[in-house]
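Visitor: Next up, coords12.pdb (PDB, C-alpha atoms).
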```pdb
ATOM      1  CA  MET A 253     -36.426  13.089   8.161  1.00  0.00           C
ATOM      2  CA  PHE A 254     -33.283  11.179   9.021  1.00  0.00           C
ATOM      3  CA  ARG A 255     -30.035  12.329   7.489  1.00  0.00           C
ATOM      4  CA  GLY A 256     -26.907  10.260   7.029  1.00  0.00           C
ATOM      5  CA  ASP A 257     -25.769  11.042  10.552  1.00  0.00           C
ATOM      6  CA  GLY A 258     -28.873   9.360  12.047  1.00  0.00           C
ATOM      7  CA  ILE A 259     -30.288  12.579  13.541  1.00  0.00           C
ATOM      8  CA  PHE A 260     -33.931  13.417  12.878  1.00  0.00           C
ATOM      9  CA  ARG A 261     -34.450  16.813  11.275  1.00  0.00           C
ATOM     10  CA  PRO A 262     -38.041  17.902  10.550  1.00  0.00           C
ATOM     11  CA  GLU A 263     -37.207  20.236   7.652  1.00  0.00           C
ATOM     12  CA  MET A 264     -37.946  19.034   4.164  1.00  0.00           C
ATOM     13  CA  THR A 265     -36.062  19.638   0.991  1.00  0.00           C
ATOM     14  CA  ARG A 266     -37.810  21.545  -1.757  1.00  0.00           C
ATOM     15  CA  ARG A 267     -38.038  18.375  -3.836  1.00  0.00           C
ATOM     16  CA  GLU A 268     -39.742  16.441  -1.017  1.00  0.00           C
ATOM     17  CA  SER A 269     -42.261  19.208  -0.385  1.00  0.00           C
ATOM     18  CA  LYS A 270     -43.153  19.319  -4.089  1.00  0.00           C
ATOM     19  CA  ARG A 271     -43.629  15.539  -4.116  1.00  0.00           C
ATOM     20  CA  ILE A 272     -45.943  15.662  -1.096  1.00  0.00           C
ATOM     21  CA  ALA A 273     -47.895  18.615  -2.507  1.00  0.00           C
ATOM     22  CA  SER A 274     -48.444  16.910  -5.866  1.00  0.00           C
ATOM     23  CA  ALA A 275     -49.722  13.628  -4.361  1.00  0.00           C
ATOM     24  CA  PRO A 276     -53.356  14.829  -3.966  1.00  0.00           C
ATOM     25  CA  LEU A 277     -53.299  16.124  -7.542  1.00  0.00           C
ATOM     26  CA  ALA A 278     -52.004  12.781  -8.796  1.00  0.00           C
ATOM     27  CA  ALA A 279     -54.657  10.949  -6.749  1.00  0.00           C
ATOM     28  CA  ALA A 280     -57.431  13.099  -8.206  1.00  0.00           C
ATOM     29  CA  LEU A 281     -56.022  12.539 -11.674  1.00  0.00           C
ATOM     30  CA  ALA A 282     -55.841   8.772 -11.054  1.00  0.00           C
ATOM     31  CA  VAL A 283     -59.480   8.703  -9.962  1.00  0.00           C
ATOM     32  CA  ALA A 284     -60.537  10.700 -13.031  1.00  0.00           C
ATOM     33  CA  ILE A 285     -58.529   8.515 -15.402  1.00  0.00           C
ATOM     34  CA  GLY A 286     -59.811   5.352 -13.692  1.00  0.00           C
ATOM     35  CA  LEU A 287     -63.420   6.472 -14.052  1.00  0.00           C
ATOM     36  CA  GLY A 288     -62.749   7.378 -17.680  1.00  0.00           C
ATOM     37  CA  ILE A 289     -61.310   3.926 -18.327  1.00  0.00           C
ATOM     38  CA  GLY A 290     -64.330   2.421 -16.568  1.00  0.00           C
ATOM     39  CA  TRP A 291     -66.676   4.381 -18.834  1.00  0.00           C
ATOM     40  CA  LEU A 292     -64.637   3.281 -21.847  1.00  0.00           C
ATOM     41  CA  ASP A 293     -64.850  -0.333 -20.691  1.00  0.00           C
ATOM     42  CA  LEU A 294     -68.646  -0.108 -20.509  1.00  0.00           C
ATOM     43  CA  HIS A 295     -68.905   1.238 -24.037  1.00  0.00           C
ATOM     44  CA  THR A 296     -66.533  -1.057 -25.895  1.00  0.00           C
ATOM     45  CA  THR A 297     -66.569  -4.769 -26.581  1.00  0.00           C
ATOM     46  CA  GLU A 298     -62.805  -5.034 -27.075  1.00  0.00           C
ATOM     47  CA  VAL A 299     -60.787  -5.932 -23.997  1.00  0.00           C
ATOM     48  CA  VAL A 300     -57.602  -4.689 -25.671  1.00  0.00           C
ATOM     49  CA  VAL A 301     -58.867  -1.111 -25.531  1.00  0.00           C
ATOM     50  CA  THR A 302     -59.327  -1.301 -21.771  1.00  0.00           C
ATOM     51  CA  ILE A 303     -55.979  -3.018 -21.228  1.00  0.00           C
ATOM     52  CA  LEU A 304     -54.155  -0.446 -23.324  1.00  0.00           C
ATOM     53  CA  ALA A 305     -55.880   2.388 -21.466  1.00  0.00           C
ATOM     54  CA  LEU A 306     -54.868   0.866 -18.103  1.00  0.00           C
ATOM     55  CA  LEU A 307     -51.263   0.467 -19.241  1.00  0.00           C
ATOM     56  CA  LEU A 308     -51.048   4.004 -20.623  1.00  0.00           C
ATOM     57  CA  GLY A 309     -52.856   5.567 -17.653  1.00  0.00           C
ATOM     58  CA  GLY A 310     -50.542   3.756 -15.257  1.00  0.00           C
ATOM     59  CA  LEU A 311     -47.496   4.751 -17.304  1.00  0.00           C
ATOM     60  CA  PHE A 312     -48.525   8.402 -17.230  1.00  0.00           C
ATOM     61  CA  LEU A 313     -49.192   8.399 -13.485  1.00  0.00           C
ATOM     62  CA  GLY A 314     -45.962   6.507 -12.758  1.00  0.00           C
ATOM     63  CA  LEU A 315     -44.054   9.138 -14.716  1.00  0.00           C
ATOM     64  CA  LEU A 316     -45.907  11.963 -13.005  1.00  0.00           C
ATOM     65  CA  GLN A 317     -45.618  10.722  -9.407  1.00  0.00           C
ATOM     66  CA  PRO A 318     -43.307   7.715  -8.994  1.00  0.00           C
ATOM     67  CA  SER A 319     -43.503   7.399  -5.213  1.00  0.00           C
ATOM     68  CA  ALA A 320     -45.835   4.549  -4.157  1.00  0.00           C
ATOM     69  CA  ALA A 321     -46.973   3.847  -7.707  1.00  0.00           C
ATOM     70  CA  TRP A 322     -49.155   1.015  -6.454  1.00  0.00           C
ATOM     71  CA  ARG A 323     -51.669   3.645  -5.258  1.00  0.00           C
ATOM     72  CA  TRP A 324     -52.256   4.872  -8.790  1.00  0.00           C
ATOM     73  CA  ALA A 325     -52.737   1.313 -10.035  1.00  0.00           C
ATOM     74  CA  VAL A 326     -55.322   0.612  -7.329  1.00  0.00           C
ATOM     75  CA  LEU A 327     -57.227   3.808  -8.137  1.00  0.00           C
ATOM     76  CA  LEU A 328     -57.181   3.005 -11.859  1.00  0.00           C
ATOM     77  CA  ALA A 329     -58.436  -0.540 -11.304  1.00  0.00           C
ATOM     78  CA  LEU A 330     -61.178   0.559  -8.911  1.00  0.00           C
ATOM     79  CA  GLY A 331     -62.436   2.977 -11.555  1.00  0.00           C
ATOM     80  CA  LEU A 332     -63.665   0.021 -13.588  1.00  0.00           C
ATOM     81  CA  SER A 333     -65.663  -1.351 -10.656  1.00  0.00           C
ATOM     82  CA  ALA A 334     -67.007   2.064  -9.712  1.00  0.00           C
ATOM     83  CA  MET A 335     -68.280   2.713 -13.219  1.00  0.00           C
ATOM     84  CA  ALA A 336     -69.761  -0.790 -13.405  1.00  0.00           C
ATOM     85  CA  VAL A 337     -71.687  -0.162 -10.183  1.00  0.00           C
ATOM     86  CA  VAL A 338     -72.861   3.257 -11.386  1.00  0.00           C
ATOM     87  CA  GLY A 339     -73.830   1.813 -14.767  1.00  0.00           C
ATOM     88  CA  HIS A 340     -75.741  -1.000 -13.092  1.00  0.00           C
ATOM     89  CA  LEU A 341     -77.561   1.324 -10.666  1.00  0.00           C
ATOM     90  CA  LEU A 342     -78.479   3.825 -13.375  1.00  0.00           C
ATOM     91  CA  SER A 343     -79.287   1.137 -15.975  1.00  0.00           C
ATOM     92  CA  VAL A 344     -76.879   2.698 -18.450  1.00  0.00           C
ATOM     93  CA  HIS A 345     -77.005   1.336 -21.989  1.00  0.00           C
ATOM     94  CA  THR A 346     -73.677  -0.457 -22.499  1.00  0.00           C
ATOM     95  CA  ALA A 347     -71.986  -2.426 -25.263  1.00  0.00           C
ATOM     96  CA  GLU A 348     -72.205  -5.644 -23.217  1.00  0.00           C
ATOM     97  CA  PRO A 349     -74.178  -6.665 -20.133  1.00  0.00           C
ATOM     98  CA  ILE A 350     -72.579  -5.363 -16.923  1.00  0.00           C
ATOM     99  CA  ARG A 351     -70.939  -8.062 -14.836  1.00  0.00           C
ATOM    100  CA  LEU A 352     -69.464  -7.262 -11.433  1.00  0.00           C
ATOM    101  CA  ASP A 353     -66.673  -9.836 -11.294  1.00  0.00           C
ATOM    102  CA  PRO A 354     -63.791  -9.515  -8.800  1.00  0.00           C
ATOM    103  CA  ARG A 355     -61.491 -11.301 -11.253  1.00  0.00           C
ATOM    104  CA  VAL A 356     -61.880  -8.359 -13.620  1.00  0.00           C
ATOM    105  CA  VAL A 357     -60.648  -6.004 -10.894  1.00  0.00           C
ATOM    106  CA  LEU A 358     -57.622  -8.225 -10.234  1.00  0.00           C
ATOM    107  CA  ALA A 359     -56.776  -8.393 -13.932  1.00  0.00           C
ATOM    108  CA  ALA A 360     -57.198  -4.623 -14.238  1.00  0.00           C
ATOM    109  CA  LEU A 361     -54.982  -4.150 -11.192  1.00  0.00           C
ATOM    110  CA  ALA A 362     -52.290  -6.328 -12.749  1.00  0.00           C
ATOM    111  CA  PHE A 363     -52.215  -4.280 -15.962  1.00  0.00           C
ATOM    112  CA  ALA A 364     -52.359  -0.986 -14.056  1.00  0.00           C
ATOM    113  CA  LEU A 365     -49.438  -2.119 -11.862  1.00  0.00           C
ATOM    114  CA  VAL A 366     -47.378  -3.004 -14.922  1.00  0.00           C
ATOM    115  CA  GLY A 367     -48.134   0.417 -16.404  1.00  0.00           C
ATOM    116  CA  SER A 368     -47.432   2.344 -13.195  1.00  0.00           C
ATOM    117  CA  TYR A 369     -44.129   0.671 -12.460  1.00  0.00           C
ATOM    118  CA  SER A 370     -43.110   0.973 -16.117  1.00  0.00           C
ATOM    119  CA  GLY A 371     -43.599   4.708 -15.726  1.00  0.00           C
ATOM    120  CA  VAL A 372     -41.449   4.686 -12.603  1.00  0.00           C
ATOM    121  CA  ALA A 373     -38.728   2.763 -14.458  1.00  0.00           C
ATOM    122  CA  VAL A 374     -38.806   5.134 -17.428  1.00  0.00           C
ATOM    123  CA  ARG A 375     -38.570   8.141 -15.125  1.00  0.00           C
ATOM    124  CA  ARG A 376     -35.574   6.665 -13.279  1.00  0.00           C
ATOM    125  CA  ILE A 377     -33.802   5.749 -16.499  1.00  0.00           C
ATOM    126  CA  VAL A 378     -34.334   9.211 -17.947  1.00  0.00           C
ATOM    127  CA  ALA A 379     -33.170  10.818 -14.687  1.00  0.00           C
ATOM    128  CA  ARG A 380     -29.969   8.755 -14.715  1.00  0.00           C
ATOM    129  CA  LEU A 381     -29.301   9.521 -18.368  1.00  0.00           C
ATOM    130  CA  THR A 382     -29.809  13.249 -17.915  1.00  0.00           C
ATOM    131  CA  THR A 383     -27.720  13.555 -14.751  1.00  0.00           C
ATOM    132  CA  SER A 384     -24.830  11.390 -15.953  1.00  0.00           C
ATOM    133  CA  GLY A 385     -24.564  12.912 -19.427  1.00  0.00           C
TER
END
```
Would you write the structure of this file as structure tokens?

Guide:
Amino acid sequence: MFRGDGIFRPEMTRRESKRIASAPLAAALAVAIGLGIGWLDLHTTEVVVTILALLLGGLFLGLLQPSAAWRWAVLLALGLSAMAVVGHLLSVHTAEPIRLDPRVVLAALAFALVGSYSGVAVRRIVARLTTSG
């Protein structure tokens, strides 16, 4: 890592090592939440339920691991497609016919991004309020 003096030092701070160690846990959690949202999407006819789940899942993951929050949004959005493919292959009984539409993934990604970066913003605001007060 580069310090303020421009010299590379390979040692990590305790905070950085915790962040790196928790990234695989956050990724696994994002995959699990994304698959859960995908299952929920297959079994409900209301789009609002899926959108709210994407926003809340992204918010939670952005709070948990704010670095590169876009990764969590991508994993959440891909959970919908993954469950749609699994549901289609296994002929799962769903609330509506399964449609594999790339526009759905883009819309899901947009809502997951909003949720993830909202979580990052909330975490930064809370960190500033707690350190300044």

Visitor: At what distance in Å, to one decimal, does CA of Leu311 in chain A lie from CA of Ser368 in chain A?

Guide: 4.8 Å

Visitor: Hey, what comes out of the PyMOL selection byres ((chain A and resi 321) around 9) on this file? Could you write it as a list in words?

Guide: Gly310, Leu313, Gly314, Gln317, Pro318, Ser319, Ala320, Trp322, Arg323, Trp324, Ala325, Val326, Leu365, Ser368, Tyr369, Gly371 and Val372 of chain A

Visitor: Go through A:Ala278, A:Ile303, A:Leu332, A:Val338 one by one, measure the shortest atom-to-atom distance of each to Gly290 in chain A using all atoms listed in the file, and give the residue with the smallest value.

Guide: A:Leu332

Visitor: Which one is closest to Ser333 in chain A: A:Leu352, A:Val299, A:Ala282, A:Leu277? Count only C-alpha atoms.

Guide: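 Looking only at the distances to Ser333 in chain A, the closest residue turns out to be A:Leu352.
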
Visitor: Looking at only C-alpha atoms, which of A:Ala360, A:Thr383, A:Ser370, A:Ile377 is the one that sits closest to Val300 in chain A?

Guide: A:Ala360

Visitor: Which is closest to Val374 in chain A among A:Leu304, A:Ala275, A:Leu315, A:Ala284, if we use all atoms listed in the file?

Guide: A:Leu315

Visitor: Nearest residue to Val357 in chain A out of A:Thr302, A:His295, A:Ile285, A:Ala329, using only C-alpha atoms?

Guide: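 For Val357 in chain A, the nearest of the given residues is A:Ala329.
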
Visitor: For this structure, which residues satisfy the selection - the PyMOL selection byres ((chain A and resi 348) around 8) - when it is evaluated on the file as given? I want them as a ChimeraX atom specification.

Guide: /A:294-297,346-347,349-350

Visitor: Find the residue from A:Leu330, A:Ala336, A:Val344, A:Leu358 that sits nearest to Gly286 in chain A; use only C-alpha atoms when measuring.

Guide: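 Nearest candidate to Gly286 in chain A out of A:Leu330, A:Ala336, A:Val344, A:Leu358: A:Leu330.
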
Visitor: Would you mind reading off the distance between CA of His345 in chain A and CA of Leu292 in chain A, one decimal, in Å?

Guide: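 Atom-to-atom, CA of His345 in chain A and CA of Leu292 in chain A are spaced 12.5 Å apart.
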
Visitor: Please give the centre and size of the box around range 347-360 of chain A (axis-aligned, containing every atom listed in the file, 8 Å added per side), with values in Å to one decimal and written as AutoDock Vina command-line options.

Guide:
```
--center_x -65.5 --center_y -6.9 --center_z -17.0 --size_x 33.4 --size_y 24.9 --size_z 32.5
```

Visitor: Could you check how far CA of Leu281 in chain A sits from CA of Gly331 in chain A, in Å to one decimal?

Guide: 11.5 Å
